[in-house]
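Text of upload-v8.txt (compact mmCIF, C-alpha atoms and all ligand atoms) as supplied:
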# COMPACT_ATOMS: atom_id res chain seq x y z
CA MET T 1 -21.00 -89.81 -65.99
CA ASN T 2 -22.37 -88.60 -69.28
CA TYR T 3 -20.54 -85.68 -70.90
CA ASN T 4 -22.38 -85.71 -74.25
CA LYS T 5 -23.47 -82.07 -74.22
CA SER T 6 -19.97 -80.87 -73.30
CA ILE T 7 -18.47 -83.01 -76.06
CA ALA T 8 -20.86 -81.50 -78.62
CA ALA T 9 -20.24 -77.98 -77.27
CA PHE T 10 -16.48 -78.43 -77.61
CA THR T 11 -16.81 -79.61 -81.20
CA GLU T 12 -18.88 -76.53 -81.95
CA ALA T 13 -16.52 -74.17 -80.09
CA GLN T 14 -13.50 -75.41 -82.04
CA LYS T 15 -15.09 -74.12 -85.25
CA SER T 16 -14.82 -70.53 -84.09
CA ILE T 17 -12.40 -70.33 -81.15
CA PRO T 18 -8.71 -71.40 -81.41
CA GLY T 19 -8.54 -74.83 -79.81
CA GLY T 20 -12.12 -74.32 -78.63
CA VAL T 21 -11.06 -72.39 -75.54
CA ASN T 22 -10.11 -68.88 -74.51
CA SER T 23 -7.25 -70.02 -72.27
CA PRO T 24 -5.23 -73.13 -73.15
CA VAL T 25 -4.94 -74.98 -69.85
CA ARG T 26 -8.70 -75.32 -69.56
CA SER T 27 -8.93 -77.36 -72.80
CA PHE T 28 -8.18 -80.68 -71.01
CA ARG T 29 -5.98 -81.56 -73.99
CA ASN T 30 -3.13 -82.44 -71.69
CA VAL T 31 -5.24 -85.03 -69.89
CA GLY T 32 -6.66 -86.39 -73.13
CA GLY T 33 -10.20 -85.37 -72.31
CA ASN T 34 -12.95 -83.02 -73.30
CA PRO T 35 -13.36 -79.80 -71.31
CA LEU T 36 -16.56 -79.51 -69.36
CA PHE T 37 -18.76 -76.61 -70.36
CA ILE T 38 -20.08 -75.06 -67.21
CA ALA T 39 -23.69 -74.05 -66.74
CA LYS T 40 -23.60 -72.73 -63.18
CA ALA T 41 -21.93 -72.96 -59.80
CA SER T 42 -22.90 -72.46 -56.19
CA GLY T 43 -20.79 -72.65 -53.04
CA SER T 44 -18.27 -75.48 -53.44
CA LYS T 45 -20.10 -77.07 -56.38
CA ILE T 46 -19.89 -76.55 -60.10
CA THR T 47 -22.42 -77.97 -62.59
CA ASP T 48 -21.75 -78.70 -66.25
CA ILE T 49 -24.23 -78.42 -69.13
CA ASP T 50 -24.97 -82.16 -68.88
CA GLY T 51 -26.20 -81.57 -65.35
CA ASN T 52 -23.23 -83.28 -63.64
CA GLU T 53 -22.30 -81.72 -60.32
CA PHE T 54 -18.71 -81.64 -59.03
CA ILE T 55 -16.94 -80.53 -55.87
CA ASP T 56 -14.79 -77.76 -57.32
CA TYR T 57 -11.09 -77.41 -56.42
CA VAL T 58 -10.30 -75.09 -59.34
CA GLY T 59 -12.37 -72.17 -58.03
CA SER T 60 -11.89 -70.30 -61.32
CA TRP T 61 -8.13 -70.86 -60.76
CA GLY T 62 -8.12 -69.02 -57.46
CA PRO T 63 -10.56 -66.13 -57.18
CA MET T 64 -13.50 -67.97 -55.63
CA ILE T 65 -12.19 -68.09 -52.05
CA LEU T 66 -15.72 -67.56 -50.70
CA GLY T 67 -17.14 -70.23 -53.00
CA HIS T 68 -19.31 -69.54 -56.03
CA THR T 69 -22.21 -67.08 -56.12
CA HIS T 70 -21.76 -65.85 -52.57
CA PRO T 71 -25.02 -63.91 -51.96
CA ALA T 72 -23.27 -60.74 -50.81
CA VAL T 73 -21.00 -60.69 -53.87
CA VAL T 74 -23.91 -61.34 -56.25
CA GLU T 75 -25.90 -58.56 -54.61
CA ALA T 76 -23.00 -56.11 -54.84
CA ILE T 77 -22.56 -56.84 -58.56
CA GLN T 78 -26.28 -56.50 -59.26
CA LYS T 79 -26.65 -53.25 -57.33
CA THR T 80 -23.57 -51.73 -58.95
CA ALA T 81 -24.58 -52.88 -62.45
CA ALA T 82 -27.90 -51.11 -62.06
CA LEU T 83 -25.98 -47.84 -61.61
CA GLY T 84 -23.83 -48.26 -64.71
CA ALA T 85 -21.28 -50.81 -65.88
CA SER T 86 -18.42 -48.50 -66.79
CA PHE T 87 -17.78 -44.77 -66.90
CA GLY T 88 -14.13 -44.32 -67.81
CA ALA T 89 -14.01 -41.86 -64.91
CA PRO T 90 -13.07 -42.23 -61.23
CA THR T 91 -15.52 -43.76 -58.76
CA LEU T 92 -15.45 -43.87 -54.97
CA LEU T 93 -15.16 -47.65 -55.12
CA GLU T 94 -11.62 -47.40 -56.53
CA THR T 95 -10.38 -45.35 -53.59
CA GLU T 96 -12.11 -47.70 -51.14
CA MET T 97 -10.39 -50.64 -52.82
CA ALA T 98 -6.98 -48.94 -52.73
CA GLU T 99 -7.40 -48.06 -49.05
CA LEU T 100 -8.40 -51.60 -48.15
CA ILE T 101 -5.47 -53.15 -50.02
CA LYS T 102 -3.10 -50.73 -48.28
CA GLU T 103 -4.57 -51.62 -44.91
CA LEU T 104 -4.26 -55.38 -45.46
CA VAL T 105 -0.86 -55.36 -47.20
CA PRO T 106 1.41 -52.88 -45.41
CA SER T 107 4.14 -52.98 -48.09
CA VAL T 108 1.68 -51.24 -50.42
CA ALA T 109 1.68 -47.47 -50.04
CA SER T 110 -0.07 -46.81 -53.32
CA VAL T 111 -1.84 -49.11 -55.78
CA ARG T 112 -2.97 -48.95 -59.41
CA MET T 113 -5.91 -51.06 -60.62
CA VAL T 114 -5.79 -52.87 -63.97
CA ASN T 115 -7.87 -55.62 -65.60
CA SER T 116 -5.93 -58.86 -65.18
CA GLY T 117 -2.95 -60.43 -63.49
CA THR T 118 -1.10 -60.30 -66.81
CA GLU T 119 -1.57 -56.54 -66.99
CA ALA T 120 -0.45 -56.18 -63.38
CA THR T 121 2.86 -58.03 -63.85
CA MET T 122 3.52 -56.43 -67.25
CA SER T 123 2.97 -52.95 -65.80
CA ALA T 124 4.96 -53.65 -62.64
CA LEU T 125 7.93 -54.68 -64.77
CA ARG T 126 7.69 -51.55 -66.91
CA LEU T 127 7.53 -49.48 -63.75
CA ALA T 128 10.57 -51.24 -62.28
CA ARG T 129 12.47 -50.59 -65.51
CA GLY T 130 11.42 -46.95 -65.59
CA TYR T 131 12.36 -46.48 -61.95
CA THR T 132 15.78 -48.12 -62.17
CA GLY T 133 16.68 -47.16 -65.73
CA ARG T 134 17.72 -50.79 -66.30
CA ASP T 135 16.49 -53.46 -68.71
CA LEU T 136 17.05 -56.93 -67.27
CA VAL T 137 14.58 -58.97 -65.25
CA ILE T 138 15.16 -62.23 -63.41
CA LYS T 139 12.33 -64.74 -63.34
CA PHE T 140 12.29 -68.31 -62.09
CA GLU T 141 11.91 -71.37 -64.25
CA GLY T 142 8.36 -72.73 -63.91
CA CYS T 143 6.96 -69.49 -62.45
CA TYR T 144 4.18 -67.97 -64.51
CA HIS T 145 3.36 -64.27 -64.52
CA GLY T 146 0.76 -64.06 -67.25
CA HIS T 147 1.29 -63.93 -70.97
CA ASN T 148 3.32 -60.77 -71.44
CA ASP T 149 6.32 -61.41 -73.74
CA SER T 150 8.93 -60.83 -71.03
CA PHE T 151 7.51 -63.61 -68.90
CA LEU T 152 6.87 -66.29 -71.51
CA ILE T 153 10.39 -67.53 -71.01
CA ALA T 154 10.68 -70.81 -69.07
CA ALA T 155 7.06 -70.18 -68.07
CA GLY T 156 4.81 -72.40 -65.97
CA SER T 157 1.05 -73.03 -66.02
CA GLY T 158 -0.49 -73.69 -69.46
CA ALA T 159 2.79 -72.87 -71.23
CA LEU T 160 4.53 -75.62 -69.28
CA THR T 161 1.58 -77.98 -69.53
CA TYR T 162 1.67 -77.81 -73.32
CA GLY T 163 5.45 -77.90 -73.62
CA ILE T 164 5.82 -74.34 -74.91
CA PRO T 165 7.55 -72.60 -71.99
CA ASP T 166 9.35 -70.35 -74.53
CA THR T 167 6.62 -69.34 -76.91
CA PRO T 168 7.18 -68.34 -80.55
CA GLY T 169 6.35 -64.69 -81.12
CA VAL T 170 8.61 -63.30 -78.41
CA THR T 171 11.39 -61.30 -80.04
CA LYS T 172 15.02 -62.22 -79.45
CA GLY T 173 15.57 -58.80 -77.91
CA THR T 174 12.83 -59.30 -75.33
CA ALA T 175 14.00 -62.82 -74.57
CA ARG T 176 17.55 -61.54 -74.03
CA ASP T 177 16.34 -59.17 -71.33
CA THR T 178 14.77 -62.00 -69.31
CA LEU T 179 17.22 -64.02 -67.22
CA THR T 180 16.08 -67.24 -65.58
CA ALA T 181 17.09 -68.67 -62.24
CA GLN T 182 16.00 -71.73 -60.27
CA PHE T 183 13.40 -71.52 -57.51
CA ASN T 184 14.86 -72.33 -54.06
CA ASP T 185 18.40 -72.09 -55.47
CA LEU T 186 19.92 -68.86 -54.20
CA ALA T 187 23.26 -69.57 -55.90
CA SER T 188 21.54 -69.43 -59.30
CA VAL T 189 20.34 -65.90 -58.48
CA GLU T 190 23.69 -64.81 -57.04
CA GLN T 191 25.44 -65.87 -60.24
CA LEU T 192 23.14 -63.69 -62.33
CA PHE T 193 23.69 -60.72 -60.03
CA GLU T 194 27.46 -61.21 -60.25
CA LYS T 195 27.40 -61.38 -64.01
CA HIS T 196 24.99 -58.48 -64.56
CA LYS T 197 25.94 -56.08 -61.79
CA ASN T 198 23.85 -52.88 -61.86
CA GLU T 199 21.87 -54.04 -64.89
CA ILE T 200 18.99 -55.87 -63.22
CA ALA T 201 15.80 -53.83 -62.94
CA ALA T 202 13.69 -56.44 -61.18
CA VAL T 203 13.44 -59.90 -59.73
CA ILE T 204 9.93 -61.30 -59.98
CA LEU T 205 8.62 -64.47 -58.40
CA GLU T 206 5.56 -66.20 -57.05
CA PRO T 207 6.59 -66.21 -53.37
CA VAL T 208 4.74 -69.51 -52.97
CA THR T 209 4.44 -71.00 -56.43
CA GLY T 210 1.14 -72.20 -57.86
CA ASN T 211 1.80 -72.27 -61.57
CA MET T 212 4.15 -75.25 -61.51
CA GLY T 213 2.15 -76.70 -58.65
CA VAL T 214 2.66 -75.55 -55.07
CA ILE T 215 6.29 -75.14 -54.01
CA ILE T 216 7.17 -73.73 -50.62
CA PRO T 217 10.10 -71.29 -50.60
CA GLU T 218 13.00 -71.92 -48.27
CA LYS T 219 13.73 -69.18 -45.75
CA GLU T 220 17.35 -68.60 -46.82
CA PHE T 221 16.27 -68.41 -50.45
CA MET T 222 13.75 -65.66 -49.81
CA GLU T 223 15.97 -63.75 -47.40
CA GLY T 224 18.87 -64.05 -49.82
CA ILE T 225 16.86 -62.63 -52.72
CA ARG T 226 15.64 -59.75 -50.58
CA LYS T 227 19.24 -58.96 -49.60
CA LEU T 228 20.57 -59.18 -53.16
CA CYS T 229 17.84 -56.86 -54.42
CA THR T 230 18.39 -54.33 -51.65
CA GLU T 231 22.15 -54.25 -52.21
CA ALA T 232 21.83 -53.92 -56.00
CA LYS T 233 18.91 -51.44 -55.84
CA THR T 234 16.89 -53.95 -57.85
CA VAL T 235 13.11 -53.92 -57.47
CA LEU T 236 11.80 -57.09 -55.83
CA ILE T 237 8.35 -57.93 -57.21
CA PHE T 238 6.16 -60.51 -55.53
CA ASP T 239 3.58 -61.87 -57.91
CA GLU T 240 0.73 -62.45 -55.48
CA VAL T 241 -1.96 -62.81 -58.13
CA MET T 242 -2.64 -66.27 -56.75
CA THR T 243 -1.42 -65.99 -53.15
CA GLY T 244 -2.70 -62.48 -52.36
CA PHE T 245 -5.53 -62.63 -49.80
CA ARG T 246 -5.46 -66.41 -50.32
CA LEU T 247 -2.74 -67.49 -47.89
CA SER T 248 -3.53 -64.82 -45.31
CA LYS T 249 -5.04 -61.34 -45.22
CA GLY T 250 -1.63 -59.96 -46.06
CA GLY T 251 -0.79 -62.65 -48.62
CA ALA T 252 2.37 -64.74 -48.86
CA GLN T 253 4.54 -61.81 -47.80
CA GLU T 254 2.82 -61.73 -44.43
CA ILE T 255 3.39 -65.40 -43.68
CA LEU T 256 6.95 -65.39 -45.03
CA GLY T 257 7.89 -62.16 -43.27
CA ILE T 258 9.56 -60.73 -46.38
CA THR T 259 8.70 -57.28 -47.73
CA PRO T 260 8.80 -56.83 -51.51
CA ASP T 261 9.15 -53.46 -53.23
CA LEU T 262 6.19 -54.07 -55.52
CA THR T 263 3.35 -56.60 -55.38
CA THR T 264 0.99 -57.71 -58.12
CA PHE T 265 -2.55 -58.84 -57.39
CA GLY T 266 -5.49 -60.31 -59.30
CA LYS T 267 -8.03 -63.09 -58.86
CA ILE T 268 -9.49 -62.61 -55.32
CA ILE T 269 -9.50 -58.78 -55.52
CA GLY T 270 -12.05 -59.06 -58.33
CA GLY T 271 -14.32 -61.53 -56.53
CA GLY T 272 -14.55 -63.49 -59.81
CA LEU T 273 -14.64 -60.51 -62.17
CA PRO T 274 -11.67 -59.58 -64.39
CA VAL T 275 -9.19 -57.52 -62.37
CA GLY T 276 -5.57 -56.94 -61.51
CA ALA T 277 -3.58 -54.45 -59.47
CA TYR T 278 -0.01 -53.55 -58.64
CA GLY T 279 1.32 -51.50 -55.80
CA GLY T 280 4.18 -50.93 -53.45
CA LYS T 281 6.67 -48.34 -52.28
CA GLN T 282 5.57 -44.75 -52.68
CA GLU T 283 8.73 -43.55 -54.42
CA ILE T 284 8.38 -46.27 -57.06
CA MET T 285 4.64 -45.83 -57.56
CA ASP T 286 5.19 -42.07 -57.90
CA GLN T 287 6.95 -42.76 -61.20
CA LEU T 288 3.62 -43.75 -62.76
CA ALA T 289 1.81 -41.33 -65.07
CA PRO T 290 0.16 -38.90 -64.55
CA LYS T 291 2.40 -38.21 -61.53
CA GLY T 292 5.55 -39.53 -63.15
CA PRO T 293 6.78 -40.46 -66.62
CA VAL T 294 6.04 -44.21 -66.79
CA TYR T 295 2.89 -44.62 -68.84
CA GLN T 296 0.18 -47.19 -68.19
CA ALA T 297 -3.56 -46.82 -68.75
CA GLY T 298 -6.81 -48.70 -69.37
CA THR T 299 -10.41 -47.92 -70.32
CA LEU T 300 -11.85 -50.51 -67.94
CA SER T 301 -9.25 -50.15 -65.16
CA GLY T 302 -10.94 -49.92 -61.78
CA ASN T 303 -14.19 -51.05 -63.34
CA PRO T 304 -17.06 -50.51 -60.86
CA LEU T 305 -18.43 -54.06 -61.11
CA ALA T 306 -15.03 -55.61 -60.45
CA MET T 307 -14.40 -53.15 -57.60
CA ALA T 308 -17.77 -53.93 -56.01
CA ALA T 309 -17.29 -57.70 -56.23
CA GLY T 310 -13.69 -57.47 -55.00
CA LEU T 311 -14.42 -55.07 -52.16
CA THR T 312 -17.26 -57.25 -50.91
CA THR T 313 -15.00 -60.29 -51.03
CA LEU T 314 -12.11 -58.59 -49.24
CA ARG T 315 -14.38 -57.16 -46.54
CA LEU T 316 -15.81 -60.59 -45.87
CA LEU T 317 -12.30 -62.07 -45.57
CA LYS T 318 -11.31 -59.29 -43.25
CA ASN T 319 -14.39 -59.33 -41.05
CA THR T 320 -15.20 -63.03 -40.76
CA GLU T 321 -13.83 -64.39 -37.54
CA ASN T 322 -11.10 -67.03 -37.94
CA PHE T 323 -11.60 -67.02 -41.71
CA TYR T 324 -8.10 -68.26 -42.53
CA GLN T 325 -7.97 -70.57 -39.51
CA LYS T 326 -11.08 -72.40 -40.72
CA LEU T 327 -9.69 -72.64 -44.25
CA GLU T 328 -6.45 -74.02 -42.83
CA GLU T 329 -8.27 -76.67 -40.80
CA LYS T 330 -10.29 -77.92 -43.76
CA SER T 331 -7.29 -77.90 -46.04
CA ALA T 332 -5.20 -79.78 -43.48
CA LEU T 333 -7.92 -82.39 -43.24
CA LEU T 334 -7.86 -82.81 -47.01
CA GLU T 335 -4.08 -83.08 -47.05
CA GLU T 336 -4.11 -85.68 -44.30
CA GLY T 337 -6.77 -87.75 -46.05
CA LEU T 338 -4.97 -87.65 -49.39
CA ARG T 339 -1.66 -88.58 -47.77
CA ASN T 340 -3.22 -91.50 -45.87
CA ASN T 341 -4.65 -92.79 -49.16
CA LEU T 342 -1.24 -92.67 -50.84
CA ASN T 343 0.39 -94.47 -47.93
CA GLU T 344 -2.32 -97.08 -47.50
CA LEU T 345 -2.35 -98.00 -51.18
CA GLY T 346 1.43 -97.80 -51.61
CA PHE T 347 1.65 -94.85 -54.02
CA ASP T 348 4.64 -92.52 -54.20
CA GLY T 349 3.62 -88.91 -53.94
CA VAL T 350 4.29 -85.56 -52.32
CA ILE T 351 1.57 -83.19 -51.18
CA ASN T 352 2.71 -79.58 -50.97
CA ARG T 353 0.26 -77.31 -49.24
CA VAL T 354 0.25 -73.77 -47.88
CA GLY T 355 -3.08 -72.81 -46.37
CA SER T 356 -5.82 -73.47 -48.90
CA MET T 357 -3.46 -74.02 -51.88
CA PHE T 358 -2.25 -77.56 -52.53
CA THR T 359 -0.75 -79.86 -55.15
CA LEU T 360 -0.46 -83.63 -55.08
CA PHE T 361 2.62 -84.52 -57.12
CA PHE T 362 2.84 -88.13 -58.25
CA THR T 363 6.55 -88.62 -57.80
CA LYS T 364 9.13 -90.91 -56.28
CA GLU T 365 11.01 -87.87 -54.91
CA LYS T 366 10.90 -87.33 -51.16
CA ASN T 367 10.31 -83.59 -51.59
CA VAL T 368 9.25 -81.28 -54.38
CA LYS T 369 11.25 -78.09 -53.85
CA SER T 370 12.30 -77.07 -57.33
CA PHE T 371 11.23 -76.99 -60.95
CA ALA T 372 13.53 -79.96 -61.58
CA ASP T 373 11.68 -81.93 -58.88
CA VAL T 374 8.32 -80.95 -60.42
CA MET T 375 9.45 -82.26 -63.79
CA LYS T 376 10.08 -85.71 -62.33
CA SER T 377 6.33 -86.15 -61.69
CA ASP T 378 4.52 -89.04 -63.29
CA THR T 379 2.08 -87.17 -65.50
CA ARG T 380 0.56 -90.39 -66.87
CA LEU T 381 -0.45 -91.36 -63.37
CA PHE T 382 -1.78 -87.86 -62.78
CA THR T 383 -3.91 -88.10 -65.93
CA ASN T 384 -5.50 -91.36 -64.78
CA TYR T 385 -6.11 -89.96 -61.34
CA PHE T 386 -7.60 -86.77 -62.77
CA LYS T 387 -10.06 -88.65 -65.01
CA LEU T 388 -11.16 -91.05 -62.28
CA SER T 389 -11.61 -88.17 -59.85
CA LEU T 390 -13.72 -86.30 -62.38
CA ASP T 391 -15.90 -89.35 -62.97
CA SER T 392 -16.55 -89.53 -59.25
CA GLY T 393 -17.54 -85.88 -58.97
CA ILE T 394 -14.27 -84.15 -58.10
CA TYR T 395 -13.21 -81.26 -60.34
CA LEU T 396 -9.42 -80.79 -60.23
CA ALA T 397 -7.21 -78.63 -62.45
CA PRO T 398 -6.47 -80.63 -65.61
CA SER T 399 -2.71 -80.44 -65.17
CA GLN T 400 -0.09 -81.76 -62.76
CA TYR T 401 1.47 -78.30 -62.81
CA GLU T 402 -1.29 -76.33 -61.10
CA ALA T 403 -2.57 -75.68 -57.59
CA GLY T 404 -5.87 -76.81 -56.12
CA PHE T 405 -7.90 -74.36 -54.04
CA VAL T 406 -10.13 -74.97 -51.03
CA SER T 407 -12.78 -72.33 -50.43
CA ALA T 408 -14.74 -71.18 -47.40
CA ALA T 409 -17.75 -72.91 -48.94
CA HIS T 410 -16.19 -76.39 -48.86
CA SER T 411 -17.79 -78.38 -46.06
CA ILE T 412 -16.26 -81.17 -44.00
CA GLU T 413 -18.59 -83.45 -45.90
CA ASP T 414 -17.10 -82.21 -49.20
CA ILE T 415 -13.62 -82.95 -47.90
CA GLU T 416 -14.60 -86.43 -46.70
CA LYS T 417 -16.25 -87.18 -50.04
CA THR T 418 -13.13 -86.00 -51.85
CA VAL T 419 -10.84 -88.18 -49.75
CA LYS T 420 -13.08 -91.18 -50.37
CA ALA T 421 -13.17 -90.50 -54.12
CA SER T 422 -9.40 -90.12 -54.17
CA TYR T 423 -9.05 -93.49 -52.40
CA MET T 424 -11.29 -95.17 -54.96
CA ALA T 425 -9.39 -93.55 -57.85
CA LEU T 426 -6.05 -94.78 -56.52
CA LYS T 427 -7.50 -98.24 -55.86
CA THR T 428 -8.80 -98.45 -59.43
CA ILE T 429 -5.37 -97.40 -60.78
CA LYS T 430 -3.69 -100.02 -58.60
CA ASN T 431 -5.90 -102.83 -59.80
N1 LIG T 501 -3.09 -69.36 -65.83
C1 LIG T 501 -4.23 -69.95 -65.26
C2 LIG T 501 -3.86 -71.11 -64.40
N2 LIG T 501 -2.72 -70.97 -63.60
C3 LIG T 501 -5.21 -70.38 -66.31
C4 LIG T 501 -6.50 -69.71 -66.16
C5 LIG T 501 -7.60 -70.14 -67.13
O1 LIG T 501 -7.35 -70.90 -68.02
O2 LIG T 501 -8.71 -69.69 -66.96

Can you turn what I pasted into structure tokens?
Ligand code: HOZ
Amino acid sequence: MNYNKSIAAFTEAQKSIPGGVNSPVRSFRNVGGNPLFIAKASGSKITDIDGNEFIDYVGSWGPMILGHTHPAVVEAIQKTAALGASFGAPTLLETEMAELIKELVPSVASVRMVNSGTEATMSALRLARGYTGRDLVIKFEGCYHGHNDSFLIAAGSGALTYGIPDTPGVTKGTARDTLTAQFNDLASVEQLFEKHKNEIAAVILEPVTGNMGVIIPEKEFMEGIRKLCTEAKTVLIFDEVMTGFRLSKGGAQEILGITPDLTTFGKIIGGGLPVGAYGGKQEIMDQLAPKGPVYQAGTLSGNPLAMAAGLTTLRLLKNTENFYQKLEEKSALLEEGLRNNLNELGFDGVINRVGSMFTLFFTKEKNVKSFADVMKSDTRLFTNYFKLSLDSGIYLAPSQYEAGFVSAAHSIEDIEKTVKASYMALKTIKN
């Protein structure tokens, strides 16, 4: 494939944008390549400015569950835009969105819209601190909750990809208030609760991780955390920015059968436009200004375009028969094909998948259940695989530590093509 225009565009971009990108993980630096500059996308396909077309498993890092440029979503954005892009005043769309989220996610009694997942997690933490009157938060190594200072400690996603899980610029005081535990290791959480009795405001986690690749939580781990939080009157926050409306209508909490106190959302609820939200128990949400004393605000919060795109997306998920069943079937087919390839060609690897979220870890481990397991992955092998996949028309996230996403627009033919391309990539690596 010829990437000349993207190469030139990246050179130009680096003159005026730090690192040439507005979010680090998309720079391809980790896989030694040049990011593709995208011209357009439709359904399961994305097209770069050189005219190369790819089957897209990034899906804008999660939001595009219906595929790109779904006609109903495009129409909703266009119609809403014609009425005005932003008013800084309430609209009916915001209430409709809140009501729909409440209906689909029963743990949410009240919900506040913001503009990104980062804002959602940052605000949820402030709210948990205001509600409990405590300072400390427990997060899990490798989990990523956006780029707020409190969460850039042992962080996943781009921070992990570029080896800066603890970023400079976070004050010692902030870092001291963030405690880290190990995912799927309940004892590591218990120890922190023992040591900091009655001081922990919140525990936050991705209930199914995506930002260190997909890791499936063990039942006892999740139940144990819920119990610890309840006993200590600590606020349990599920960061469902990635998993919300992705793994089921009710998100990860529905399939795991665990009820958090607060949930953060993003990605899918904006249908591809910038958005975030956080919601949960009434008595906690009542602490938010103007009802309560915990302040949080935003000029573009509940923006009509984002609400229109998100509402249209959520309604389609809700009203399309067997929506999640069909996604599951396609994703299972992909998993099976990828696993057969690994086995047939004698590669070590683990494929973790929940619904339409998956990660292929190149590793000799039998399972990938923890951050420590993730870190044993062969990233050199991943890099080769990534580049060969790209050259054969498959667009994967440019990092071993991310999830892939299947959308409703992916066809069986797309999946078969992907499995074939993956086979050829592995065969080339082997030879
Ligand atoms: N944190 C996102 C991936 N988990 C990166 C999003 C982007 O670079 O656009």

Fill in: For T:Ser370, the nearest of the candidates T:Met212, T:Val105, T:Ala159, T:Val189, counting only C-alpha atoms
T:Met212

If the box runs along x, y and z of the file and leaves 3 Å on each side of stretch 158-166 of chain T, what are its centre and edge lengths in Å, one decimal, as lines of an AutoDock Vina configuration file?
center_x = 4.4
center_y = -74.2
center_z = -72.1
size_x = 15.8
size_y = 13.6
size_z = 11.6

Worksheet entry | Top pick for closest residue to T:Ile101, considering T:Met113, T:Val208, T:Ile55, T:Val419 and counting only C-alpha atoms |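 Of all the options, T:Met113 lies closest to T:Ile101.
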
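Note that atom CA of T:Gly298 and atom CA of T:Pro90 are 12.1 Å apart.
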
Discussion item. When you count only C-alpha atoms and all ligand atoms, which of these residues is closest to ligand LIG 501 (chain T): T:Gly250, T:Gly279, T:Pro18, T:Gly146?
Written reply: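 When distances to ligand LIG 501 (chain T) are compared using only C-alpha atoms and all ligand atoms, the smallest one comes from T:Gly146.
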
Where does chain T meet ligand LIG 501 (chain T) within 8 Å, residue by residue, with the nearest atom pair and distance in Å to one decimal for each, counting all atoms listed in the file, listed by chain and rising number, as CSV?
residue,atom,partner,partner_atom,distance
T:Asn22,CA,T:LIG501,O1,7.3
T:Ser23,CA,T:LIG501,O1,4.3
T:Pro24,CA,T:LIG501,O1,6.0
T:Val25,CA,T:LIG501,O1,5.1
T:Arg26,CA,T:LIG501,O1,4.9
T:Ser60,CA,T:LIG501,O2,6.5
T:Trp61,CA,T:LIG501,C2,5.6
T:Tyr144,CA,T:LIG501,N1,7.5
T:Gly146,CA,T:LIG501,N1,6.7
T:Ser157,CA,T:LIG501,N2,4.9
T:Gly158,CA,T:LIG501,N1,6.2
T:Gly210,CA,T:LIG501,N2,7.0
T:Asn211,CA,T:LIG501,N2,5.1
T:Glu402,CA,T:LIG501,N2,6.1
T:Ala403,CA,T:LIG501,N2,7.6

Discussion item. As a VMD selection string, please: the residues near T:Val31 (cut-off 12 Å, all atoms listed in the file, same-chain neighbours under 4 positions excluded).
Written reply: chain T and resid 25 to 27 35 161 to 162 379 to 388 390 396 to 401

Would you mind exporting the chosen residues as a PDB file, in the frame of the given file, restricted to C-alpha atoms?
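And here is the file that came out, part_29.pdb:
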ATOM      1  CA  VAL T  25      -4.940 -74.980 -69.850  1.00  0.00           C
ATOM      2  CA  ARG T  26      -8.700 -75.320 -69.560  1.00  0.00           C
ATOM      3  CA  SER T  27      -8.930 -77.360 -72.800  1.00  0.00           C
ATOM      4  CA  PRO T  35     -13.360 -79.800 -71.310  1.00  0.00           C
ATOM      5  CA  THR T 161       1.580 -77.980 -69.530  1.00  0.00           C
ATOM      6  CA  TYR T 162       1.670 -77.810 -73.320  1.00  0.00           C
ATOM      7  CA  THR T 379       2.080 -87.170 -65.500  1.00  0.00           C
ATOM      8  CA  ARG T 380       0.560 -90.390 -66.870  1.00  0.00           C
ATOM      9  CA  LEU T 381      -0.450 -91.360 -63.370  1.00  0.00           C
ATOM     10  CA  PHE T 382      -1.780 -87.860 -62.780  1.00  0.00           C
ATOM     11  CA  THR T 383      -3.910 -88.100 -65.930  1.00  0.00           C
ATOM     12  CA  ASN T 384      -5.500 -91.360 -64.780  1.00  0.00           C
ATOM     13  CA  TYR T 385      -6.110 -89.960 -61.340  1.00  0.00           C
ATOM     14  CA  PHE T 386      -7.600 -86.770 -62.770  1.00  0.00           C
ATOM     15  CA  LYS T 387     -10.060 -88.650 -65.010  1.00  0.00           C
ATOM     16  CA  LEU T 388     -11.160 -91.050 -62.280  1.00  0.00           C
ATOM     17  CA  LEU T 390     -13.720 -86.300 -62.380  1.00  0.00           C
ATOM     18  CA  LEU T 396      -9.420 -80.790 -60.230  1.00  0.00           C
ATOM     19  CA  ALA T 397      -7.210 -78.630 -62.450  1.00  0.00           C
ATOM     20  CA  PRO T 398      -6.470 -80.630 -65.610  1.00  0.00           C
ATOM     21  CA  SER T 399      -2.710 -80.440 -65.170  1.00  0.00           C
ATOM     22  CA  GLN T 400      -0.090 -81.760 -62.760  1.00  0.00           C
ATOM     23  CA  TYR T 401       1.470 -78.300 -62.810  1.00  0.00           C
TER      24      TYR T 401
END

Worksheet item: Hey, what's within 12 Å of stretch 147-154 of chain T if we count all atoms listed in the file and toss same-chain stuff fewer than 4 positions away? As a count of residues only, please?
Response: 55

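Going from atom CA of T:Ala289 to atom CA of T:Phe265 covers 19.6 Å.
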
Worksheet item: Taking all atoms listed in the file into account, which of T:Ile258, T:Leu334, T:Met242, T:Leu127 comes nearest T:Gly213?
Response: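 Among T:Ile258, T:Leu334, T:Met242, T:Leu127, it is T:Met242 that comes nearest to T:Gly213.
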
Discussion item. Show me, as a list in words, the residues that have an atom within 10 Å of T:Arg315 when counting all atoms listed in the file, minus same-chain residues fewer than 4 positions from it.
Written reply: Met97, Leu100, Gly310, Leu311, Asn319 and Thr320 of chain T
